[in-house]
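Working notes, structure below.
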Amino acid sequence: MSRNNAIFTPVNLGSGAVTVAVKDCIDIAGMATKGGSAALDEAPAAEANAAVVEALLAGGCRIVGKANMHELAYGVTGINAWTGSAINPHFPDRVPGGSSSGSAVAVAEGLVDFAIGTDTGGSIRTPAACCGVFGLKPTFGRVNRAGAWPRASSLDCIGPFARSMAQIEAAMRIIAPGYAPSADPPPRFAIVQAEGVDAAVQAAFDEAVAWFSANAQVSLAQLPAAYAANIAVIAAETYAAFGHLLAGGKVGADVAARLTAAANVDAEKLAQAEVVRTRFTAEVDALLEQHELLVMPTMPCFPLALPEAGDAAAALRMTALVRPFNLSGHPALTVPVLAAEALPIGIQVIGRHGEDEAVCAFGRMLENTISVIRDPAGEDTNR
């Protein structure tokens, strides 16, 4: 595979008809888990498959690729100077999003039926929205993380990317024990009014959801604080897992800068973040007692243009509306929408803990009505 479009390293594991790519922070026995980092280039081969890999094989899937990613899953643009960066298929002048960039691109390119990524601070929903595909962050703990890196996380979730909701749910039936699609979407949902959403993104979102009758317009007062708390927790947990790699001098400049800063997240800051986690989770739960689902934009802006990818503040802004739900652990889905500017946005659907099926049922309803994004073969991504 060309380093100019580094989507995945080829793998041939399993004999099923359904093809899958798996993010390179998830162990496949006999292969090194490199996490997109030169610092792990000489890592030993994994001794066992991750739990999700075992589930994929047992479910009749054929794993065809180890998907590229933003280094150490600690970035949101998908730009990787060491492995090369996967090109956003529909929007090649825009970032593919991260950290599960290769997984999103493999799906958008039509190279696989679905792909597996991880989401700690929006790392499934952000690249899915950037690349114009569906992406689901399941309820925290719904999919077994054994064999995923970092080994310990209070935020990280394994989930699928696909070009249709039918394939998202087919993937969930394989990787999430007990998943059973719901026949009908919940009738009661509220639209979350979030501050700081660009006018063009808000207009595209409003047009898409105008087909439906929301029960209410609501706000989440703790949303900005939850975003900041996620940043603190992910920093501490990523530093605990990978901070030792800084000494080798092989970590890329952008990730090295974030890891170095992460060392300053002390026990007091973590304690404050946990207070916010409790408050924000309670706030979301209270709204979800009145409304089965919450609906809002996935990102406050369009995907960054490639020349803007080095702007750390602008890159982090792409995740302003997704990170809070890693902190709270609620399931969250992004559904692709094409704005009038011919650029992608996502509609984010958030549900009650453990009710991933309801989230996906609403996603199916959206899929049948929204403006679709076309794949390179001219087919609807919403097929």
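Each chain in the structure tokens gets a letter, A, B and so on, in the order shown; residues start at 1 in every chain, and ligands are counted from 1 in the order they appear.
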
Pick out the residues sitting within 6 Å of stretch 361-368 of chain A, and hand them over as a VMD selection string; count only C-alpha atoms, and ignore anything fewer than 4 positions along from it in its own chain.
chain A and resid 165 182 185

Written selection (N, CA and C atoms) as a PDB file, in the first residue's frame:
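Now in again-v3.pdb:
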ATOM      1  N   MET A 165     -26.733   1.910   8.206  1.00  0.00           N
ATOM      2  CA  MET A 165     -27.131   1.500   9.552  1.00  0.00           C
ATOM      3  C   MET A 165     -27.324  -0.010   9.627  1.00  0.00           C
ATOM      4  N   SER A 182     -33.828  -2.901  17.560  1.00  0.00           N
ATOM      5  CA  SER A 182     -35.182  -2.512  17.934  1.00  0.00           C
ATOM      6  C   SER A 182     -36.016  -2.318  16.676  1.00  0.00           C
ATOM      7  N   PRO A 185     -38.137   3.193  16.223  1.00  0.00           N
ATOM      8  CA  PRO A 185     -37.378   4.221  16.950  1.00  0.00           C
ATOM      9  C   PRO A 185     -38.215   4.823  18.063  1.00  0.00           C
TER      10      PRO A 185
END

May I have a table of the residues of stretch 330-353 of chain A lying at most 8 Å from stretch 136-153 of chain A, giving each one's closest pair of atoms and their distance in Å to one decimal, counting only C-alpha atoms, ordered by chain and ascending residue number, as a Markdown table?
| residue | atom | partner | partner_atom | distance |
| --- | --- | --- | --- | --- |
| A:His330 | CA | A:Thr139 | CA | 5.1 |
| A:Pro331 | CA | A:Thr139 | CA | 4.2 |
| A:Ala332 | CA | A:Lys137 | CA | 5.2 |
| A:Leu333 | CA | A:Leu136 | CA | 4.4 |
| A:Thr334 | CA | A:Leu136 | CA | 6.5 |
| A:His353 | CA | A:Thr139 | CA | 5.8 |

Taking only C-alpha atoms into account, which of A:Gly97, A:Lys66, A:Lys34, A:Glu54 comes nearest A:Thr9?
A:Lys66

For the atom pair atom CA of A:Glu71 and atom CA of A:Ile231, what is the interatomic distance in Å to one decimal place?
16.7 Å

Non-local contacts of A:Phe161 (7 Å; only C-alpha atoms; under 2 positions in same chain excluded) as number ranges by chain:
A: 104, 107, 114-116, 128, 133-136, 168

Quick one: contact table of stretch 212-305 of chain A to stretch 190-199 of chain A, 7 Å max, nearest atom pair and distance in Å to one decimal per residue, counting only C-alpha atoms, chain and number order, as JSON lines?
{"residue": "A:Ala214", "atom": "CA", "partner": "A:Ala190", "partner_atom": "CA", "distance": 5.4}
{"residue": "A:Asn215", "atom": "CA", "partner": "A:Ala190", "partner_atom": "CA", "distance": 5.5}
{"residue": "A:Ala216", "atom": "CA", "partner": "A:Ala190", "partner_atom": "CA", "distance": 4.8}
{"residue": "A:Gln217", "atom": "CA", "partner": "A:Ile191", "partner_atom": "CA", "distance": 4.9}
{"residue": "A:Val218", "atom": "CA", "partner": "A:Val192", "partner_atom": "CA", "distance": 4.9}
{"residue": "A:Ser219", "atom": "CA", "partner": "A:Gln193", "partner_atom": "CA", "distance": 5.2}
{"residue": "A:His291", "atom": "CA", "partner": "A:Ala190", "partner_atom": "CA", "distance": 6.2}
{"residue": "A:Leu293", "atom": "CA", "partner": "A:Ala190", "partner_atom": "CA", "distance": 6.5}
{"residue": "A:Leu294", "atom": "CA", "partner": "A:Ala190", "partner_atom": "CA", "distance": 5.0}
{"residue": "A:Val295", "atom": "CA", "partner": "A:Ile191", "partner_atom": "CA", "distance": 4.8}
{"residue": "A:Met296", "atom": "CA", "partner": "A:Val192", "partner_atom": "CA", "distance": 5.3}
{"residue": "A:Pro300", "atom": "CA", "partner": "A:Val197", "partner_atom": "CA", "distance": 4.2}
{"residue": "A:Cys301", "atom": "CA", "partner": "A:Asp198", "partner_atom": "CA", "distance": 5.6}

For the residues in the current selection, export N, CA, C and O atoms as an mmCIF file, in the first residue's frame.
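Just written: again13.cif:
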data_model
loop_
_atom_site.group_PDB
_atom_site.id
_atom_site.type_symbol
_atom_site.label_atom_id
_atom_site.label_comp_id
_atom_site.auth_asym_id
_atom_site.auth_seq_id
_atom_site.Cartn_x
_atom_site.Cartn_y
_atom_site.Cartn_z
ATOM 1 N N ALA A 214 -39.373 17.180 17.126
ATOM 2 C CA ALA A 214 -38.739 17.018 18.433
ATOM 3 C C ALA A 214 -39.724 17.387 19.527
ATOM 4 O O ALA A 214 -40.589 18.247 19.349
ATOM 5 N N ASN A 215 -39.581 16.744 20.660
ATOM 6 C CA ASN A 215 -40.438 17.045 21.799
ATOM 7 C C ASN A 215 -40.018 18.315 22.522
ATOM 8 O O ASN A 215 -40.830 18.938 23.195
ATOM 9 N N ALA A 216 -38.748 18.672 22.365
ATOM 10 C CA ALA A 216 -38.259 19.832 23.101
ATOM 11 C C ALA A 216 -36.917 20.279 22.541
ATOM 12 O O ALA A 216 -36.228 19.524 21.847
ATOM 13 N N GLN A 217 -36.584 21.524 22.841
ATOM 14 C CA GLN A 217 -35.241 22.049 22.638
ATOM 15 C C GLN A 217 -34.630 22.168 24.037
ATOM 16 O O GLN A 217 -35.213 22.809 24.908
ATOM 17 N N VAL A 218 -33.479 21.548 24.237
ATOM 18 C CA VAL A 218 -32.884 21.532 25.566
ATOM 19 C C VAL A 218 -31.435 21.993 25.479
ATOM 20 O O VAL A 218 -30.874 22.158 24.391
ATOM 21 N N SER A 219 -30.833 22.191 26.623
ATOM 22 C CA SER A 219 -29.413 22.532 26.684
ATOM 23 C C SER A 219 -28.758 21.681 27.754
ATOM 24 O O SER A 219 -29.426 21.126 28.632
ATOM 25 N N HIS A 291 -36.832 12.275 27.710
ATOM 26 C CA HIS A 291 -36.733 12.072 26.272
ATOM 27 C C HIS A 291 -35.838 10.856 26.041
ATOM 28 O O HIS A 291 -34.726 10.795 26.565
ATOM 29 N N LEU A 293 -34.075 10.044 23.609
ATOM 30 C CA LEU A 293 -32.838 10.345 22.884
ATOM 31 C C LEU A 293 -32.573 11.843 22.879
ATOM 32 O O LEU A 293 -33.504 12.656 22.963
ATOM 33 N N LEU A 294 -31.285 12.179 22.741
ATOM 34 C CA LEU A 294 -30.860 13.551 22.517
ATOM 35 C C LEU A 294 -30.199 13.613 21.144
ATOM 36 O O LEU A 294 -29.452 12.706 20.771
ATOM 37 N N VAL A 295 -30.458 14.691 20.404
ATOM 38 C CA VAL A 295 -29.943 14.824 19.040
ATOM 39 C C VAL A 295 -29.261 16.176 18.910
ATOM 40 O O VAL A 295 -29.815 17.207 19.335
ATOM 41 N N MET A 296 -28.062 16.186 18.312
ATOM 42 C CA MET A 296 -27.290 17.411 18.161
ATOM 43 C C MET A 296 -26.248 17.212 17.066
ATOM 44 O O MET A 296 -26.030 16.079 16.616
ATOM 45 N N PRO A 300 -18.923 20.903 15.657
ATOM 46 C CA PRO A 300 -19.400 22.279 15.537
ATOM 47 C C PRO A 300 -18.954 22.968 14.255
ATOM 48 O O PRO A 300 -19.340 24.109 13.998
ATOM 49 N N CYS A 301 -18.148 22.280 13.463
ATOM 50 C CA CYS A 301 -17.543 22.880 12.278
ATOM 51 C C CYS A 301 -17.399 21.812 11.203
ATOM 52 O O CYS A 301 -17.557 20.622 11.469
#

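Computed from the coordinates, the atom CA of A:Cys130 to atom CA of A:Pro92 distance equals 10.4 Å.
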
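With only C-alpha atoms as the atoms that count, the minimum distance from A:Ala67 to the choices A:Gly110, A:Gly249, A:Pro10, A:Gly121 is reached by A:Pro10.
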
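With only C-alpha atoms as the atoms that count, the minimum distance from A:Ala312 to the choices A:Glu47, A:Val105, A:Ala253, A:Ala38 is reached by A:Ala253.
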
Just the residues within 9 Å of stretch 254-268 of chain A, please, counting only C-alpha atoms, with nothing from its chain fewer than 2 positions along; format it as number ranges by chain.
A: 70-72, 74-75, 232-240, 242-243, 246, 249-252, 270-273, 310, 312

Kindly save the residues from that selection, with N, CA and C atoms included, as a PDB file, in the first residue's frame.
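Output file selection-v3.pdb follows:
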ATOM      1  N   HIS A  70      -4.260   7.967  13.983  1.00  0.00           N
ATOM      2  CA  HIS A  70      -3.460   9.037  14.561  1.00  0.00           C
ATOM      3  C   HIS A  70      -2.599   8.418  15.661  1.00  0.00           C
ATOM      4  N   GLU A  71      -1.354   8.811  15.696  1.00  0.00           N
ATOM      5  CA  GLU A  71      -0.371   8.160  16.562  1.00  0.00           C
ATOM      6  C   GLU A  71      -0.855   8.044  18.009  1.00  0.00           C
ATOM      7  N   LEU A  72      -0.738   6.814  18.538  1.00  0.00           N
ATOM      8  CA  LEU A  72      -1.076   6.478  19.922  1.00  0.00           C
ATOM      9  C   LEU A  72      -2.518   6.850  20.273  1.00  0.00           C
ATOM     10  N   TYR A  74      -3.900   9.556  20.033  1.00  0.00           N
ATOM     11  CA  TYR A  74      -3.867  10.800  20.800  1.00  0.00           C
ATOM     12  C   TYR A  74      -3.841  11.993  19.853  1.00  0.00           C
ATOM     13  N   GLY A  75      -4.831  12.040  18.982  1.00  0.00           N
ATOM     14  CA  GLY A  75      -4.970  13.143  18.045  1.00  0.00           C
ATOM     15  C   GLY A  75      -6.264  12.998  17.287  1.00  0.00           C
ATOM     16  N   ALA A 232      -8.755  16.274  30.402  1.00  0.00           N
ATOM     17  CA  ALA A 232      -7.890  15.981  31.549  1.00  0.00           C
ATOM     18  C   ALA A 232      -7.753  14.479  31.780  1.00  0.00           C
ATOM     19  N   VAL A 233      -8.874  13.757  31.743  1.00  0.00           N
ATOM     20  CA  VAL A 233      -8.829  12.319  32.016  1.00  0.00           C
ATOM     21  C   VAL A 233      -8.069  11.583  30.919  1.00  0.00           C
ATOM     22  N   ILE A 234      -8.342  11.911  29.669  1.00  0.00           N
ATOM     23  CA  ILE A 234      -7.648  11.230  28.583  1.00  0.00           C
ATOM     24  C   ILE A 234      -6.147  11.527  28.637  1.00  0.00           C
ATOM     25  N   ALA A 235      -5.796  12.740  29.050  1.00  0.00           N
ATOM     26  CA  ALA A 235      -4.378  13.086  29.177  1.00  0.00           C
ATOM     27  C   ALA A 235      -3.702  12.204  30.217  1.00  0.00           C
ATOM     28  N   ALA A 236      -4.321  12.102  31.382  1.00  0.00           N
ATOM     29  CA  ALA A 236      -3.718  11.315  32.460  1.00  0.00           C
ATOM     30  C   ALA A 236      -3.619   9.845  32.081  1.00  0.00           C
ATOM     31  N   GLU A 237      -4.677   9.306  31.479  1.00  0.00           N
ATOM     32  CA  GLU A 237      -4.677   7.881  31.150  1.00  0.00           C
ATOM     33  C   GLU A 237      -3.744   7.563  29.988  1.00  0.00           C
ATOM     34  N   THR A 238      -3.632   8.487  29.027  1.00  0.00           N
ATOM     35  CA  THR A 238      -2.709   8.262  27.915  1.00  0.00           C
ATOM     36  C   THR A 238      -1.266   8.397  28.385  1.00  0.00           C
ATOM     37  N   TYR A 239      -1.001   9.345  29.257  1.00  0.00           N
ATOM     38  CA  TYR A 239       0.362   9.480  29.779  1.00  0.00           C
ATOM     39  C   TYR A 239       0.750   8.246  30.585  1.00  0.00           C
ATOM     40  N   ALA A 240      -0.175   7.729  31.373  1.00  0.00           N
ATOM     41  CA  ALA A 240       0.120   6.525  32.149  1.00  0.00           C
ATOM     42  C   ALA A 240       0.468   5.350  31.238  1.00  0.00           C
ATOM     43  N   PHE A 242       1.549   5.610  27.856  1.00  0.00           N
ATOM     44  CA  PHE A 242       2.562   5.826  26.823  1.00  0.00           C
ATOM     45  C   PHE A 242       3.605   6.885  27.158  1.00  0.00           C
ATOM     46  N   GLY A 243       3.516   7.503  28.326  1.00  0.00           N
ATOM     47  CA  GLY A 243       4.471   8.558  28.661  1.00  0.00           C
ATOM     48  C   GLY A 243       5.915   8.095  28.613  1.00  0.00           C
ATOM     49  N   LEU A 246       8.278   8.747  25.498  1.00  0.00           N
ATOM     50  CA  LEU A 246       8.897  10.038  25.186  1.00  0.00           C
ATOM     51  C   LEU A 246      10.411   9.972  25.253  1.00  0.00           C
ATOM     52  N   GLY A 249      12.518   9.430  22.036  1.00  0.00           N
ATOM     53  CA  GLY A 249      12.611  10.461  21.014  1.00  0.00           C
ATOM     54  C   GLY A 249      11.964  10.104  19.693  1.00  0.00           C
ATOM     55  N   LYS A 250      11.132   9.085  19.659  1.00  0.00           N
ATOM     56  CA  LYS A 250      10.532   8.657  18.384  1.00  0.00           C
ATOM     57  C   LYS A 250       9.059   9.023  18.253  1.00  0.00           C
ATOM     58  N   VAL A 251       8.483   9.607  19.274  1.00  0.00           N
ATOM     59  CA  VAL A 251       7.088  10.006  19.195  1.00  0.00           C
ATOM     60  C   VAL A 251       6.985  11.265  18.336  1.00  0.00           C
ATOM     61  N   GLY A 252       5.993  11.314  17.442  1.00  0.00           N
ATOM     62  CA  GLY A 252       5.800  12.468  16.577  1.00  0.00           C
ATOM     63  C   GLY A 252       5.630  13.756  17.354  1.00  0.00           C
ATOM     64  N   LEU A 270      -7.528  15.599  38.324  1.00  0.00           N
ATOM     65  CA  LEU A 270      -8.325  14.407  38.052  1.00  0.00           C
ATOM     66  C   LEU A 270      -9.541  14.334  38.964  1.00  0.00           C
ATOM     67  N   ALA A 271      -9.363  14.699  40.208  1.00  0.00           N
ATOM     68  CA  ALA A 271     -10.481  14.697  41.146  1.00  0.00           C
ATOM     69  C   ALA A 271     -11.557  15.688  40.703  1.00  0.00           C
ATOM     70  N   GLN A 272     -11.133  16.857  40.236  1.00  0.00           N
ATOM     71  CA  GLN A 272     -12.086  17.843  39.729  1.00  0.00           C
ATOM     72  C   GLN A 272     -12.813  17.301  38.499  1.00  0.00           C
ATOM     73  N   ALA A 273     -12.073  16.601  37.639  1.00  0.00           N
ATOM     74  CA  ALA A 273     -12.691  16.026  36.444  1.00  0.00           C
ATOM     75  C   ALA A 273     -13.738  14.981  36.819  1.00  0.00           C
ATOM     76  N   GLY A 310      -2.411  21.444  11.424  1.00  0.00           N
ATOM     77  CA  GLY A 310      -1.422  21.682  12.471  1.00  0.00           C
ATOM     78  C   GLY A 310      -1.889  22.635  13.558  1.00  0.00           C
ATOM     79  N   ALA A 312      -3.561  23.125  16.612  1.00  0.00           N
ATOM     80  CA  ALA A 312      -4.024  22.223  17.666  1.00  0.00           C
ATOM     81  C   ALA A 312      -5.370  22.647  18.233  1.00  0.00           C
TER      82      ALA A 312
END

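The gap separating atom CA of A:Ala210 from atom CA of A:Ile370 is 9.9 Å, in Å to one decimal.
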
Determine which residues of stretch 58-289 of chain A receive a DSSP assignment of alpha helix (DSSP H), computed from the backbone, and state them as number ranges by chain.
A: 58, 101-108, 125-131, 165-175, 199-209, 223-242, 253-262, 267-289

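Residues of stretch 186-366 of chain A carrying a DSSP assignment of strand (DSSP E), computed from the backbone, are A:Phe189, A:Ala190, A:Ile191, A:Val192, A:Ala216, A:Gln217, A:Val218, A:Leu293, A:Leu294, A:Val295, A:Met296, A:Pro297, A:Ala332, A:Leu333, A:Thr334, A:Val335, A:Pro336, A:Val337, A:Leu338, A:Pro344, A:Ile345, A:Gly346, A:Ile347, A:Gln348, A:Val349, A:Ile350, A:Gly351.
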
Just checking: using only C-alpha atoms, which residue out of A:Val284, A:Ala170, A:Ala21, A:Leu316 ends up closest to A:Ala106?
A:Ala21

Which residues, written as a PyMOL selection string, have at least one atom at most 8 Å from A:Glu357, with only C-alpha atoms counted and residues fewer than 2 positions away on the same chain left out?
chain A and resi 179-182+355+359-361

Emit the selected residues as a PDB file, in the first residue's frame, including N, CA and C atoms.
ATOM      1  N   TYR A 179     -26.851  -7.905  21.653  1.00  0.00           N
ATOM      2  CA  TYR A 179     -27.410  -6.823  20.844  1.00  0.00           C
ATOM      3  C   TYR A 179     -28.536  -7.371  19.968  1.00  0.00           C
ATOM      4  N   ALA A 180     -29.700  -6.721  20.033  1.00  0.00           N
ATOM      5  CA  ALA A 180     -30.858  -7.139  19.239  1.00  0.00           C
ATOM      6  C   ALA A 180     -31.544  -5.891  18.714  1.00  0.00           C
ATOM      7  N   PRO A 181     -31.508  -5.644  17.407  1.00  0.00           N
ATOM      8  CA  PRO A 181     -32.069  -4.407  16.853  1.00  0.00           C
ATOM      9  C   PRO A 181     -33.514  -4.167  17.296  1.00  0.00           C
ATOM     10  N   SER A 182     -33.828  -2.901  17.560  1.00  0.00           N
ATOM     11  CA  SER A 182     -35.182  -2.512  17.934  1.00  0.00           C
ATOM     12  C   SER A 182     -36.016  -2.318  16.676  1.00  0.00           C
ATOM     13  N   GLU A 355     -28.818   1.322  26.063  1.00  0.00           N
ATOM     14  CA  GLU A 355     -29.884   1.313  25.065  1.00  0.00           C
ATOM     15  C   GLU A 355     -29.353   1.705  23.684  1.00  0.00           C
ATOM     16  N   VAL A 359     -30.728   3.947  19.997  1.00  0.00           N
ATOM     17  CA  VAL A 359     -29.921   4.915  19.253  1.00  0.00           C
ATOM     18  C   VAL A 359     -29.849   4.512  17.782  1.00  0.00           C
ATOM     19  N   CYS A 360     -29.581   3.244  17.544  1.00  0.00           N
ATOM     20  CA  CYS A 360     -29.444   2.772  16.162  1.00  0.00           C
ATOM     21  C   CYS A 360     -30.781   2.779  15.427  1.00  0.00           C
ATOM     22  N   ALA A 361     -31.877   2.503  16.120  1.00  0.00           N
ATOM     23  CA  ALA A 361     -33.194   2.557  15.487  1.00  0.00           C
ATOM     24  C   ALA A 361     -33.487   3.972  14.993  1.00  0.00           C
TER      25      ALA A 361
END

Could you pull the residues within 12 Å of A:Asp311, counting only C-alpha atoms, minus those fewer than 6 positions along the same chain, as an NGL selection string?
:A and (75-77 or 79 or 254 or 304-305 or 317-318)

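Using only C-alpha atoms, the shortest contact distance between A:Glu207 and any of A:Gly30, A:Gly14, A:Pro297, A:Gly35 is found at A:Pro297.
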